[in-house]
file protein.cif (mmCIF, C-alpha atoms)
data_start
loop_
_atom_site.label_atom_id
_atom_site.label_comp_id
_atom_site.auth_asym_id
_atom_site.auth_seq_id
_atom_site.Cartn_x
_atom_site.Cartn_y
_atom_site.Cartn_z
CA MET A 1470 29.73 1.43 -40.26
CA ASP A 1471 32.08 -1.33 -41.48
CA PRO A 1472 35.87 -0.85 -41.88
CA ASN A 1473 35.63 -0.48 -45.66
CA GLU A 1474 33.24 2.45 -45.32
CA ILE A 1475 35.53 4.08 -42.77
CA ASN A 1476 38.48 3.67 -45.16
CA ASP A 1477 36.41 5.21 -47.94
CA LEU A 1478 35.71 8.21 -45.70
CA ARG A 1479 39.41 8.60 -44.96
CA ASP A 1480 40.17 8.58 -48.69
CA ALA A 1481 37.47 11.17 -49.31
CA ILE A 1482 38.91 13.43 -46.58
CA LYS A 1483 42.37 13.19 -48.14
CA ALA A 1484 40.84 14.57 -51.32
CA SER A 1485 38.89 17.25 -49.43
CA PRO A 1486 40.61 17.94 -46.08
CA GLU A 1487 38.49 21.02 -45.28
CA ASN A 1488 35.17 19.18 -45.66
CA ILE A 1489 33.92 19.49 -42.06
CA PRO A 1490 30.67 17.44 -42.47
CA LEU A 1491 32.79 14.59 -43.88
CA ARG A 1492 35.27 14.78 -41.00
CA ARG A 1493 32.42 14.93 -38.50
CA LEU A 1494 30.87 11.82 -40.07
CA LEU A 1495 34.13 9.88 -39.83
CA ALA A 1496 34.78 10.88 -36.21
CA LYS A 1497 31.21 9.98 -35.23
CA ALA A 1498 31.53 6.56 -36.91
CA LEU A 1499 34.76 5.85 -35.03
CA LEU A 1500 33.14 6.93 -31.77
CA LYS A 1501 30.13 4.69 -32.35
CA GLY A 1502 32.43 1.77 -33.18
CA GLY A 1503 34.27 2.09 -29.88
CA ARG A 1504 37.49 3.33 -31.51
CA TYR A 1505 37.76 6.22 -29.07
CA GLU A 1506 41.43 7.16 -29.52
CA GLU A 1507 40.99 7.38 -33.30
CA ALA A 1508 37.80 9.39 -32.82
CA GLU A 1509 39.63 11.81 -30.53
CA LEU A 1510 42.32 12.33 -33.17
CA GLU A 1511 39.77 12.93 -35.93
CA TYR A 1512 37.82 15.46 -33.85
CA LYS A 1513 41.05 17.32 -33.07
CA ASN A 1514 42.03 17.38 -36.75
CA ALA A 1515 38.58 18.67 -37.71
CA LEU A 1516 38.75 21.43 -35.08
CA LYS A 1517 41.91 22.74 -36.69
CA TYR A 1518 39.76 23.71 -39.66
CA ALA A 1519 36.66 24.72 -37.67
CA PRO A 1520 37.75 25.73 -34.13
CA ASN A 1521 34.31 27.10 -33.19
CA ASP A 1522 32.22 24.13 -34.35
CA THR A 1523 30.09 23.17 -31.32
CA ARG A 1524 29.26 19.67 -32.56
CA LEU A 1525 32.93 18.86 -33.00
CA LYS A 1526 33.70 20.05 -29.47
CA ILE A 1527 30.87 17.94 -28.05
CA GLY A 1528 32.17 14.92 -29.97
CA LEU A 1529 35.69 15.48 -28.67
CA ALA A 1530 34.39 15.74 -25.10
CA GLN A 1531 32.47 12.51 -25.62
CA SER A 1532 35.60 10.71 -26.83
CA PHE A 1533 37.39 11.97 -23.70
CA ALA A 1534 34.53 10.72 -21.51
CA GLU A 1535 34.65 7.24 -23.05
CA GLN A 1536 38.40 7.08 -22.34
CA GLU A 1537 37.88 8.54 -18.85
CA LYS A 1538 40.10 11.51 -19.67
CA THR A 1539 37.86 13.35 -17.28
CA SER A 1540 39.69 16.64 -16.77
CA LEU A 1541 40.19 17.22 -20.49
CA GLY A 1542 36.57 16.37 -21.18
CA LEU A 1543 35.28 18.74 -18.50
CA VAL A 1544 37.30 21.66 -19.89
CA ILE A 1545 35.82 21.15 -23.37
CA ILE A 1546 32.21 20.49 -22.39
CA GLU A 1547 32.00 23.34 -19.87
CA GLU A 1548 33.31 25.69 -22.54
CA VAL A 1549 30.50 24.46 -24.81
CA LEU A 1550 27.86 24.97 -22.12
CA ASP A 1551 29.12 28.50 -21.41
CA ASP A 1552 28.29 29.40 -25.00
CA ASN A 1553 25.31 27.12 -25.64
CA ARG A 1554 22.75 26.05 -23.03
CA ASN A 1555 20.44 24.39 -25.55
CA SER A 1556 22.33 21.15 -26.22
CA ALA A 1557 20.86 18.14 -24.43
CA LEU A 1558 23.81 15.99 -25.53
CA ALA A 1559 26.25 18.47 -23.98
CA TYR A 1560 24.44 18.23 -20.63
CA PHE A 1561 24.43 14.43 -20.90
CA ILE A 1562 28.20 14.25 -21.52
CA HIS A 1563 28.72 16.79 -18.74
CA ALA A 1564 26.79 14.47 -16.39
CA LYS A 1565 28.95 11.51 -17.38
CA LEU A 1566 32.18 13.43 -16.82
CA LEU A 1567 30.98 14.86 -13.50
CA GLN A 1568 30.09 11.35 -12.32
CA GLN A 1569 33.59 10.18 -13.26
CA SER A 1570 35.07 13.04 -11.24
CA GLY A 1571 33.02 12.08 -8.17
CA GLU A 1572 30.65 15.06 -8.31
CA SER A 1573 27.48 12.97 -8.25
CA GLY A 1574 25.25 15.82 -7.06
CA ARG A 1575 26.12 18.03 -10.03
CA ALA A 1576 26.02 14.97 -12.30
CA LYS A 1577 22.43 14.32 -11.25
CA GLU A 1578 21.42 17.91 -12.08
CA ALA A 1579 23.11 17.77 -15.49
CA TYR A 1580 21.59 14.37 -16.29
CA GLU A 1581 18.08 15.47 -15.33
CA ARG A 1582 18.46 18.60 -17.50
CA ALA A 1583 19.57 16.44 -20.44
CA ILE A 1584 16.63 14.03 -20.08
CA GLU A 1585 14.19 16.90 -19.70
CA MET A 1586 15.42 18.34 -23.01
CA ASN A 1587 15.68 14.98 -24.80
CA PRO A 1588 14.12 11.88 -23.15
CA ASP A 1589 15.80 9.63 -25.75
CA LEU A 1590 19.12 10.22 -23.98
CA LYS A 1591 17.95 8.24 -20.94
CA ASP A 1592 20.79 5.93 -19.88
CA ASN A 1593 19.95 3.41 -17.15
CA PHE A 1594 23.57 2.56 -16.37
CA LEU A 1595 24.60 6.18 -15.84
CA GLU A 1596 21.41 6.81 -13.87
CA SER A 1597 22.08 3.86 -11.57
CA GLN A 1598 25.66 5.04 -10.97
CA ILE A 1599 24.53 8.57 -10.13
CA ASN A 1600 21.73 7.40 -7.83
CA LEU A 1601 24.00 4.91 -6.06
CA SER A 1602 26.71 7.55 -5.49
CA ASN A 1603 24.20 10.04 -4.15
CA MET A 1604 22.75 7.42 -1.77
CA LYS A 1605 26.21 6.65 -0.38
CA GLY A 1606 26.70 10.32 0.39
CA ASN A 1607 23.26 10.79 1.94
CA LYS A 1608 23.39 9.47 5.48
CA ASP A 1609 20.05 10.73 6.74
CA PRO A 1610 17.46 10.54 3.96
CA GLU A 1611 13.91 11.46 4.76
CA PRO A 1612 11.68 8.39 5.16
CA GLN A 1613 9.32 7.76 2.29
CA LYS A 1614 6.03 5.94 2.05
CA ILE A 1615 4.11 4.41 -0.85
CA LYS A 1616 0.45 5.38 -0.71
CA LEU A 1617 -1.87 2.71 -2.04
CA GLY A 1618 -5.61 2.44 -2.59
CA GLY A 1619 -8.33 3.77 -0.34
CA TYR A 1620 -11.99 4.42 -1.04
CA GLY A 1621 -13.39 5.78 2.21
CA ASP A 1622 -14.47 9.43 2.39
CA ASP A 1623 -11.84 10.15 5.02
CA HIS A 1624 -9.32 7.74 3.48
CA GLU A 1625 -8.92 5.80 6.73
CA ASP A 1626 -8.57 2.61 4.71
CA GLU A 1627 -5.55 3.84 2.74
CA LYS A 1628 -2.52 1.58 2.84
CA HIS A 1629 1.05 2.76 3.16
CA ILE A 1630 4.31 0.89 2.66
CA ASP A 1631 7.56 2.22 4.07
CA VAL A 1632 10.62 2.71 1.90
CA GLU A 1633 13.68 1.79 3.96
CA ARG A 1634 17.39 2.43 3.75
CA PRO A 1635 18.75 -0.62 5.62
CA GLU A 1636 21.88 -0.24 7.72
CA VAL A 1637 22.58 -3.99 7.81
CA SER A 1638 24.87 -5.65 5.26
CA PHE A 1639 26.24 -9.12 4.52
CA GLU A 1640 28.53 -8.75 7.53
CA ASP A 1641 25.39 -8.98 9.67
CA VAL A 1642 24.32 -12.27 8.04
CA GLY A 1643 25.85 -15.32 9.68
CA GLY A 1644 26.99 -18.03 7.25
CA MET A 1645 25.05 -18.48 3.98
CA GLU A 1646 28.21 -17.85 1.97
CA SER A 1647 27.05 -19.70 -1.16
CA VAL A 1648 23.73 -17.84 -1.15
CA LYS A 1649 25.47 -14.49 -0.65
CA GLU A 1650 27.83 -15.24 -3.53
CA GLU A 1651 24.87 -15.96 -5.83
CA ILE A 1652 23.34 -12.62 -4.84
CA ARG A 1653 26.65 -10.88 -5.47
CA MET A 1654 26.77 -12.29 -9.01
CA LYS A 1655 23.14 -11.56 -9.83
CA ILE A 1656 22.60 -8.24 -8.08
CA ILE A 1657 25.64 -6.61 -6.50
CA HIS A 1658 28.30 -7.00 -9.21
CA PRO A 1659 26.06 -5.53 -11.96
CA LEU A 1660 25.56 -2.40 -9.84
CA GLU A 1661 29.24 -2.07 -9.03
CA HIS A 1662 30.50 -2.80 -12.58
CA PRO A 1663 27.75 -1.57 -14.93
CA GLU A 1664 30.14 -0.86 -17.80
CA LEU A 1665 31.27 -4.51 -17.95
CA TYR A 1666 27.72 -5.82 -17.91
CA LYS A 1667 26.75 -3.32 -20.59
CA MET A 1668 29.57 -4.59 -22.83
CA TYR A 1669 28.18 -8.12 -22.58
CA GLY A 1670 24.60 -6.98 -23.07
CA LYS A 1671 23.56 -7.87 -19.51
CA LYS A 1672 21.01 -5.70 -17.75
CA ILE A 1673 21.18 -4.39 -14.21
CA GLY A 1674 18.24 -5.85 -12.34
CA GLY A 1675 16.06 -8.90 -12.66
CA GLY A 1676 14.58 -11.36 -10.24
CA LEU A 1677 15.91 -13.81 -7.72
CA LEU A 1678 13.71 -16.25 -5.78
CA MET A 1679 14.82 -17.61 -2.42
CA TYR A 1680 13.14 -20.69 -1.00
CA GLY A 1681 13.61 -22.88 2.02
CA PRO A 1682 12.23 -23.65 5.48
CA PRO A 1683 10.57 -20.81 7.40
CA GLY A 1684 12.70 -18.84 9.83
CA CYS A 1685 16.01 -19.28 8.00
CA GLY A 1686 16.71 -15.63 7.32
CA LYS A 1687 15.38 -15.00 3.81
CA THR A 1688 13.90 -11.62 4.76
CA HIS A 1689 17.02 -10.62 6.69
CA LEU A 1690 19.14 -11.59 3.70
CA ALA A 1691 17.02 -9.47 1.34
CA ARG A 1692 17.33 -6.44 3.63
CA ALA A 1693 21.10 -7.00 3.93
CA THR A 1694 21.36 -7.11 0.13
CA ALA A 1695 19.86 -3.61 -0.09
CA GLY A 1696 22.19 -2.41 2.65
CA GLN A 1697 25.18 -3.94 0.88
CA VAL A 1698 24.65 -1.71 -2.18
CA ASN A 1699 23.20 1.31 -0.34
CA ALA A 1700 19.93 0.86 -2.21
CA ASN A 1701 16.39 1.61 -1.15
CA PHE A 1702 14.42 -1.34 0.18
CA ILE A 1703 10.71 -1.97 -0.18
CA SER A 1704 9.27 -5.02 1.60
CA VAL A 1705 5.91 -6.17 0.29
CA GLY A 1706 3.51 -8.65 1.91
CA ILE A 1707 0.27 -10.07 0.57
CA SER A 1708 -1.80 -7.75 2.78
CA ASP A 1709 -0.14 -4.76 1.13
CA ILE A 1710 -1.42 -5.84 -2.29
CA LEU A 1711 -4.78 -7.50 -1.92
CA ASP A 1712 -7.86 -5.29 -1.88
CA MET A 1713 -11.59 -6.04 -1.80
CA TYR A 1714 -12.33 -3.66 -4.70
CA ILE A 1715 -12.10 -5.00 -8.25
CA GLY A 1716 -8.89 -3.95 -9.97
CA GLN A 1717 -7.41 -2.23 -6.93
CA SER A 1718 -5.01 -5.08 -6.15
CA GLU A 1719 -3.48 -4.71 -9.60
CA ARG A 1720 -3.22 -0.94 -9.13
CA ASN A 1721 -1.54 -1.43 -5.76
CA LEU A 1722 1.02 -3.75 -7.32
CA HIS A 1723 1.71 -1.31 -10.13
CA ALA A 1724 2.13 1.58 -7.66
CA ILE A 1725 4.75 -0.40 -5.74
CA PHE A 1726 6.71 -1.30 -8.87
CA GLN A 1727 6.50 2.27 -10.11
CA LYS A 1728 7.86 3.63 -6.83
CA ALA A 1729 10.75 1.17 -7.03
CA ARG A 1730 11.51 2.42 -10.55
CA ASP A 1731 11.49 6.00 -9.33
CA LEU A 1732 13.90 5.16 -6.49
CA LYS A 1733 16.38 2.94 -8.32
CA PRO A 1734 18.66 1.36 -7.46
CA CYS A 1735 16.02 -0.29 -5.32
CA VAL A 1736 15.54 -3.77 -3.88
CA LEU A 1737 11.90 -4.77 -4.12
CA PHE A 1738 11.24 -7.72 -1.83
CA PHE A 1739 8.11 -9.89 -1.95
CA ASP A 1740 7.64 -12.09 1.10
CA GLU A 1741 5.53 -15.26 0.74
CA VAL A 1742 5.36 -14.62 -2.99
CA ASP A 1743 3.55 -17.91 -3.58
CA ALA A 1744 0.48 -16.32 -1.98
CA LEU A 1745 0.50 -13.64 -4.69
CA GLY A 1746 1.69 -15.81 -7.55
CA ALA A 1747 -0.02 -19.15 -6.93
CA ASN A 1748 -0.34 -21.48 -9.89
CA ARG A 1749 -3.12 -20.18 -12.14
CA SER A 1750 -4.22 -23.71 -13.02
CA ASP A 1751 -5.32 -24.12 -9.38
CA MET A 1752 -7.42 -20.96 -9.40
CA ARG A 1753 -11.13 -20.70 -9.96
CA GLN A 1754 -11.49 -16.95 -9.56
CA ASN A 1755 -10.53 -14.54 -12.33
CA ALA A 1756 -9.34 -11.92 -9.81
CA GLY A 1757 -6.35 -14.05 -8.83
CA ARG A 1758 -5.45 -14.67 -12.46
CA HIS A 1759 -5.59 -10.96 -13.24
CA LEU A 1760 -3.25 -10.18 -10.36
CA ILE A 1761 -0.70 -12.77 -11.53
CA ASN A 1762 -0.87 -11.45 -15.07
CA GLN A 1763 -0.24 -7.94 -13.71
CA PHE A 1764 2.69 -9.24 -11.66
CA LEU A 1765 4.23 -10.91 -14.71
CA ALA A 1766 3.73 -7.79 -16.83
CA GLU A 1767 5.43 -5.62 -14.19
CA MET A 1768 8.39 -8.00 -13.99
CA ASP A 1769 8.76 -8.17 -17.77
CA GLY A 1770 9.09 -4.38 -17.90
CA VAL A 1771 7.58 -4.18 -21.38
CA GLU A 1772 5.82 -0.87 -20.79
CA TYR A 1773 8.18 0.34 -18.05
CA ASP A 1774 11.94 0.10 -17.65
CA ASN A 1775 12.96 -2.11 -14.72
CA GLU A 1776 16.71 -1.65 -15.07
CA GLY A 1777 18.11 -0.85 -11.65
CA VAL A 1778 15.13 -2.48 -9.90
CA LEU A 1779 16.32 -5.60 -8.10
CA ILE A 1780 13.46 -7.97 -7.40
CA LEU A 1781 13.89 -10.49 -4.58
CA ALA A 1782 11.20 -12.84 -3.39
CA ALA A 1783 10.92 -15.49 -0.69
CA THR A 1784 8.71 -18.51 -0.40
CA ASN A 1785 8.44 -21.59 1.76
CA ALA A 1786 6.54 -23.42 -1.01
CA PRO A 1787 8.09 -22.83 -4.44
CA TRP A 1788 6.10 -25.74 -5.84
CA HIS A 1789 2.93 -23.63 -5.51
CA LEU A 1790 4.33 -20.74 -7.56
CA ASP A 1791 3.05 -20.32 -11.11
CA PRO A 1792 5.70 -21.75 -13.51
CA ALA A 1793 5.52 -18.56 -15.60
CA PHE A 1794 7.44 -16.76 -12.85
CA ARG A 1795 10.48 -18.93 -13.52
CA ARG A 1796 10.88 -17.95 -17.17
CA PRO A 1797 14.02 -16.02 -18.24
CA GLY A 1798 13.90 -12.38 -17.26
CA ARG A 1799 11.64 -13.05 -14.27
CA PHE A 1800 12.76 -15.20 -11.32
CA ASP A 1801 15.35 -16.90 -13.51
CA ARG A 1802 17.69 -17.52 -10.56
CA ILE A 1803 16.30 -19.71 -7.77
CA LEU A 1804 18.27 -20.10 -4.53
CA PHE A 1805 17.81 -22.68 -1.81
CA VAL A 1806 18.28 -21.08 1.62
CA PRO A 1807 18.95 -23.97 4.01
CA PRO A 1808 18.94 -23.86 7.79
CA PRO A 1809 22.08 -22.15 9.10
CA ASP A 1810 25.21 -24.29 9.37
CA GLY A 1811 27.22 -24.73 12.58
CA PRO A 1812 29.24 -21.49 12.42
CA ALA A 1813 26.11 -19.59 11.40
CA ARG A 1814 24.14 -21.00 14.34
CA ALA A 1815 26.92 -19.93 16.70
CA SER A 1816 26.89 -16.46 15.14
CA ILE A 1817 23.09 -16.20 15.43
CA LEU A 1818 23.28 -17.26 19.06
CA GLN A 1819 25.85 -14.56 19.80
CA ILE A 1820 23.63 -11.94 18.16
CA HIS A 1821 20.59 -12.91 20.24
CA LEU A 1822 22.61 -13.04 23.47
CA LYS A 1823 24.13 -9.63 22.87
CA GLU A 1824 23.53 -7.15 25.73
CA LYS A 1825 22.03 -9.90 27.92
CA PRO A 1826 23.60 -11.17 31.15
CA VAL A 1827 25.87 -13.93 29.83
CA GLY A 1828 28.29 -16.21 31.59
CA ASP A 1829 30.61 -18.73 29.98
CA ILE A 1830 29.03 -19.86 26.70
CA ASP A 1831 30.52 -22.67 24.58
CA TYR A 1832 29.03 -21.55 21.27
CA GLU A 1833 30.60 -24.44 19.35
CA LYS A 1834 29.05 -27.00 21.70
CA VAL A 1835 25.61 -25.44 21.35
CA ALA A 1836 25.98 -25.28 17.56
CA LYS A 1837 26.73 -29.03 17.43
CA ARG A 1838 23.61 -29.83 19.48
CA THR A 1839 21.28 -27.69 17.35
CA LYS A 1840 21.61 -29.27 13.91
CA GLU A 1841 18.57 -28.54 11.68
CA TYR A 1842 17.57 -25.56 13.83
CA SER A 1843 16.52 -22.47 11.91
CA GLY A 1844 17.49 -18.93 12.87
CA ALA A 1845 14.05 -18.52 14.42
CA ASP A 1846 14.59 -21.72 16.40
CA MET A 1847 17.87 -20.37 17.77
CA ARG A 1848 16.09 -17.22 18.91
CA ALA A 1849 13.47 -19.41 20.61
CA LEU A 1850 16.22 -21.20 22.56
CA VAL A 1851 17.47 -17.89 23.88
CA ASP A 1852 13.93 -16.88 24.88
CA ILE A 1853 13.46 -20.14 26.79
CA ALA A 1854 16.84 -19.75 28.51
CA VAL A 1855 15.99 -16.15 29.46
CA GLU A 1856 12.65 -17.21 30.96
CA SER A 1857 14.39 -19.87 33.06
CA LYS A 1858 16.75 -17.24 34.48
CA LEU A 1859 14.13 -14.57 35.10
CA ASP A 1860 12.51 -16.49 37.96
CA GLU A 1861 15.87 -16.83 39.71
CA ALA A 1862 16.74 -13.17 39.03
CA ILE A 1863 13.43 -12.03 40.53
CA ARG A 1864 14.01 -14.15 43.67
CA THR A 1865 17.57 -12.95 44.20
CA GLY A 1866 17.04 -9.40 43.02
CA LYS A 1867 20.05 -9.42 40.71
CA PRO A 1868 20.79 -10.59 37.14
CA VAL A 1869 21.73 -14.25 36.77
CA PRO A 1870 23.98 -14.94 33.76
CA ILE A 1871 22.91 -17.37 31.05
CA THR A 1872 25.27 -20.32 30.62
CA THR A 1873 25.87 -23.11 28.11
CA SER A 1874 23.83 -25.54 30.19
CA ASP A 1875 20.84 -23.18 30.04
CA ILE A 1876 20.92 -23.15 26.22
CA VAL A 1877 21.40 -26.93 26.08
CA ALA A 1878 18.47 -27.41 28.45
CA ALA A 1879 16.35 -25.15 26.24
CA SER A 1880 17.20 -27.29 23.19
CA LYS A 1881 15.57 -30.26 24.92
CA LYS A 1882 12.32 -28.29 25.22
CA HIS A 1883 12.29 -26.87 21.69
CA LYS A 1884 12.71 -29.14 18.68
CA PRO A 1885 13.71 -27.85 15.22
CA THR A 1886 10.74 -26.63 13.19
CA THR A 1887 12.42 -27.39 9.85
CA LYS A 1888 11.81 -31.16 9.93
CA GLU A 1889 8.21 -30.95 8.80
CA TRP A 1890 9.16 -28.68 5.90
CA PHE A 1891 11.85 -31.08 4.73
CA GLN A 1892 9.40 -33.98 4.75
CA THR A 1893 7.20 -32.12 2.27
CA ALA A 1894 10.13 -30.75 0.28
CA LYS A 1895 11.69 -34.19 -0.07
CA ASN A 1896 8.57 -35.53 -1.77
CA TYR A 1897 8.61 -32.71 -4.33
CA ALA A 1898 12.35 -33.11 -4.87
CA LEU A 1899 11.97 -36.84 -5.50
CA PHE A 1900 8.77 -36.92 -7.55
CA ALA A 1901 8.17 -33.44 -9.03
CA ASN A 1902 11.69 -32.24 -9.75
CA ASP A 1903 11.39 -31.07 -13.35
CA GLY A 1904 14.74 -29.90 -14.70
CA GLY A 1905 16.46 -30.58 -11.37
CA LEU A 1906 14.79 -27.56 -9.78
CA TYR A 1907 14.99 -29.03 -6.27
CA ASP A 1908 18.32 -30.85 -6.53
CA ASP A 1909 19.71 -28.60 -3.77
CA ILE A 1910 17.21 -30.10 -1.35
CA LEU A 1911 18.33 -33.63 -2.23
CA GLY A 1912 21.97 -32.54 -1.84
CA TYR A 1913 21.29 -31.05 1.59
CA LEU A 1914 19.51 -34.25 2.70
CA GLY A 1915 22.31 -36.43 1.29
CA ILE A 1916 19.98 -38.22 -1.14
CA LYS A 1917 21.43 -39.33 -4.47
CA LYS A 1918 19.19 -39.21 -7.55
#
call {"tool": "encode", "arguments": {"input": "protein.cif", "output": "structure tokens"}}
result
Amino acid sequence: MDPNEINDLRDAIKASPENIPLRRLLAKALLKGGRYEEAELEYKNALKYAPNDTRLKIGLAQSFAEQEKTSLGLVIIEEVLDDNRNSALAYFIHAKLLQQSGESGRAKEAYERAIEMNPDLKDNFLESQINLSNMKGNKDPEPQKIKLGGYGDDHEDEKHIDVERPEVSFEDVGGMESVKEEIRMKIIHPLEHPELYKMYGKKIGGGLLMYGPPGCGKTHLARATAGQVNANFISVGISDILDMYIGQSERNLHAIFQKARDLKPCVLFFDEVDALGANRSDMRQNAGRHLINQFLAEMDGVEYDNEGVLILAATNAPWHLDPAFRRPGRFDRILFVPPPDGPARASILQIHLKEKPVGDIDYEKVAKRTKEYSGADMRALVDIAVESKLDEAIRTGKPVPITTSDIVAASKKHKPTTKEWFQTAKNYALFANDGGLYDDILGYLGIKK
């Protein structure tokens, strides 16, 4: 309603101050227009003439909720619910106020009652807030599994995927600060500040694709993202999806997405996504095309609401992924995950040496000698160093501490596995870099366009 219409309503009320439907219309228009203080005043004025009008009380409670006048709102709405248990809107506002007061358990009950009575009241932002608060307060949730297809009489061929609640967070990820900041902007901040994103018309959720050399911590980073926001985490590999029976692969994929929607906020992570979403122009079989089309449909969320579902994917070969996955609303943010930098390599080394017999280790020296090593390569160095000490420990009958020289010696036996990947990636970055998609690779290699 535009300002002129609101002014016309005010004039009409002056002429007929006891016209409750007119006052209710004005207050509702102010509420809808975000003019919450004015709406509160109009509802109060209307209640002077009709103190028992339930709709006016609900409207007043809603104006309190929007202004976060939580205590006042709770007094009004609980009075309404004492007299009338048939108002879905009253339960919805009660849920919002309870969430503001920190009573997320009761908020969840009120919200579910409201949606059961009127599904049109479904609010993804409020739902995400309630679910996130409840997850923070639930330290020991029961493990869940996603049951997928199976056709045997005894169902021995059924597949199951675990739903995790990771305990790791960004504090457990060495380095990668720029990548973590991108994830904060795309995934974490929307969950922590849903009201701001709602004001700007931005949804909570969406897709983020991580690419880079193998062994550089993409999976660990995805799991830490879920732990950072206390969300559920579902890790999906190609073997979890593909099935020999026609149409079952698509059903498996849908079941996984649907479970993520049921458990939101949820991080849904697809490892080696290029194997599931290979370029359709390279395919000869219709089955692969159907699966990609299903994947795209699930990501678009046309038939199902994906808000609160955070989709992460990792690939070592982004150039093999179907371009349709990179359209807005799908994997519209693509992050290059490079090999760990010096401080990160030192941190990774410390993690892998934890609780092992360790002598004097110069982590900075080792980090300087292991440029281009991935996280997996750093773990391999520790394994080699451990093996070299085991023989001596067995001969002497007592633990022999690992030293800097042992790690340096191991680095001479194990070369970085990222070099081959960068050779391939450089060619794509130089000759198939549409829209600057792989500029980060060129920047990492120090190559100017």
call {"tool": "resolve_selection", "arguments": {"input": "protein.cif", "expression": "the PyMOL selection byres ((chain A and resi 1742) around 9)", "output": "compact mmCIF listing (two decimals) with C-alpha atoms, keeping the file's coordinate frame"}}
result
# COMPACT_ATOMS: atom_id res chain seq x y z
CA LEU A 1678 13.71 -16.25 -5.78
CA GLY A 1706 3.51 -8.65 1.91
CA ILE A 1707 0.27 -10.07 0.57
CA PHE A 1739 8.11 -9.89 -1.95
CA ASP A 1740 7.64 -12.09 1.10
CA GLU A 1741 5.53 -15.26 0.74
CA ASP A 1743 3.55 -17.91 -3.58
CA ALA A 1744 0.48 -16.32 -1.98
CA LEU A 1745 0.50 -13.64 -4.69
CA GLY A 1746 1.69 -15.81 -7.55
CA ALA A 1747 -0.02 -19.15 -6.93
CA ALA A 1782 11.20 -12.84 -3.39
CA ALA A 1783 10.92 -15.49 -0.69
CA THR A 1784 8.71 -18.51 -0.40
CA ASN A 1785 8.44 -21.59 1.76
CA PRO A 1787 8.09 -22.83 -4.44
CA LEU A 1790 4.33 -20.74 -7.56
call {"tool": "closest_residue", "arguments": {"input": "protein.cif", "among": "A:Asp1589, A:Glu1633, A:Asp1852, A:Glu1537", "to": "Leu1818 in chain A", "atoms": "only C-alpha atoms"}}
result
A:Asp1852
call {"tool": "resolve_selection", "arguments": {"input": "protein.cif", "expression": "the PyMOL selection byres ((chain A and resi 1813) around 10)", "output": "ChimeraX atom specification"}}
result
/A:1642-1646,1808-1812,1814-1819,1836,1844
call {"tool": "resolve_selection", "arguments": {"input": "protein.cif", "expression": "the PyMOL selection byres ((chain A and resi 1477-1486) around 12)", "output": "list of chain:residue names"}}
result
A:Met1470, A:Asp1471, A:Pro1472, A:Asn1473, A:Glu1474, A:Ile1475, A:Asn1476, A:Glu1487, A:Asn1488, A:Ile1489, A:Pro1490, A:Leu1491, A:Arg1492, A:Arg1493, A:Leu1494, A:Leu1495, A:Ala1496, A:Lys1497, A:Ala1498, A:Leu1499, A:Glu1507, A:Glu1511, A:Asn1514, A:Ala1515, A:Leu1516, A:Lys1517, A:Tyr1518, A:Ala1519
call {"tool": "closest_residue", "arguments": {"input": "protein.cif", "among": "A:Leu1510, A:Val1827, A:Met1668, A:Ala1700", "to": "Gly1777 in chain A", "atoms": "all atoms listed in the file"}}
result
A:Ala1700
call {"tool": "residues_around", "arguments": {"input": "protein.cif", "residues": "Ser1597 in chain A", "least_positions_apart": "4", "cutoff": "7 Å", "atoms": "all atoms listed in the file", "output": "JSON, numbers by chain"}}
result
{"A": [1593, 1601, 1733, 1734, 1777]}
call {"tool": "residues_around", "arguments": {"input": "protein.cif", "residues": "Glu1547 in chain A", "least_positions_apart": "4", "cutoff": "8 Å", "atoms": "all atoms listed in the file", "output": "list of chain:residue names"}}
result
A:Leu1543, A:Asp1551, A:His1563
call {"tool": "atom_distance", "arguments": {"input": "protein.cif", "atom1": "CA of Gly1684 in chain A", "atom2": "CA of Val1855 in chain A"}}
result
20.1 Å
call {"tool": "axis_aligned_box", "arguments": {"input": "protein.cif", "around": "range 1784-1801 of chain A", "padding_each_side": "5 Å", "output": "lines of an AutoDock Vina configuration file"}}
result
center_x = 9.1
center_y = -19.1
center_z = -8.2
size_x = 22.4
size_y = 23.4
size_z = 30.0
call {"tool": "residues_near_point", "arguments": {"input": "protein.cif", "point": "(15.6, -21.2, 20.3)", "cutoff": "9 Å", "atoms": "all atoms listed in the file", "output": "list of chain:residue names"}}
result
A:Leu1818, A:Tyr1842, A:Ser1843, A:Gly1844, A:Ala1845, A:Asp1846, A:Met1847, A:Arg1848, A:Ala1849, A:Leu1850, A:Val1851, A:Asp1852, A:Ile1853, A:Ala1854, A:Ile1876, A:Ala1879, A:Ser1880, A:His1883, A:Lys1884, A:Pro1885
call {"tool": "write_last_selection", "arguments": {"input": "protein.cif", "atoms": "C-alpha atoms", "output": "CSV table (one decimal), keeping the file's coordinate frame"}}
result
chain,number,residue,atom,x,y,z
A,1818,LEU,CA,23.3,-17.3,19.1
A,1842,TYR,CA,17.6,-25.6,13.8
A,1843,SER,CA,16.5,-22.5,11.9
A,1844,GLY,CA,17.5,-18.9,12.9
A,1845,ALA,CA,14.0,-18.5,14.4
A,1846,ASP,CA,14.6,-21.7,16.4
A,1847,MET,CA,17.9,-20.4,17.8
A,1848,ARG,CA,16.1,-17.2,18.9
A,1849,ALA,CA,13.5,-19.4,20.6
A,1850,LEU,CA,16.2,-21.2,22.6
A,1851,VAL,CA,17.5,-17.9,23.9
A,1852,ASP,CA,13.9,-16.9,24.9
A,1853,ILE,CA,13.5,-20.1,26.8
A,1854,ALA,CA,16.8,-19.8,28.5
A,1876,ILE,CA,20.9,-23.2,26.2
A,1879,ALA,CA,16.4,-25.2,26.2
A,1880,SER,CA,17.2,-27.3,23.2
A,1883,HIS,CA,12.3,-26.9,21.7
A,1884,LYS,CA,12.7,-29.1,18.7
A,1885,PRO,CA,13.7,-27.8,15.2
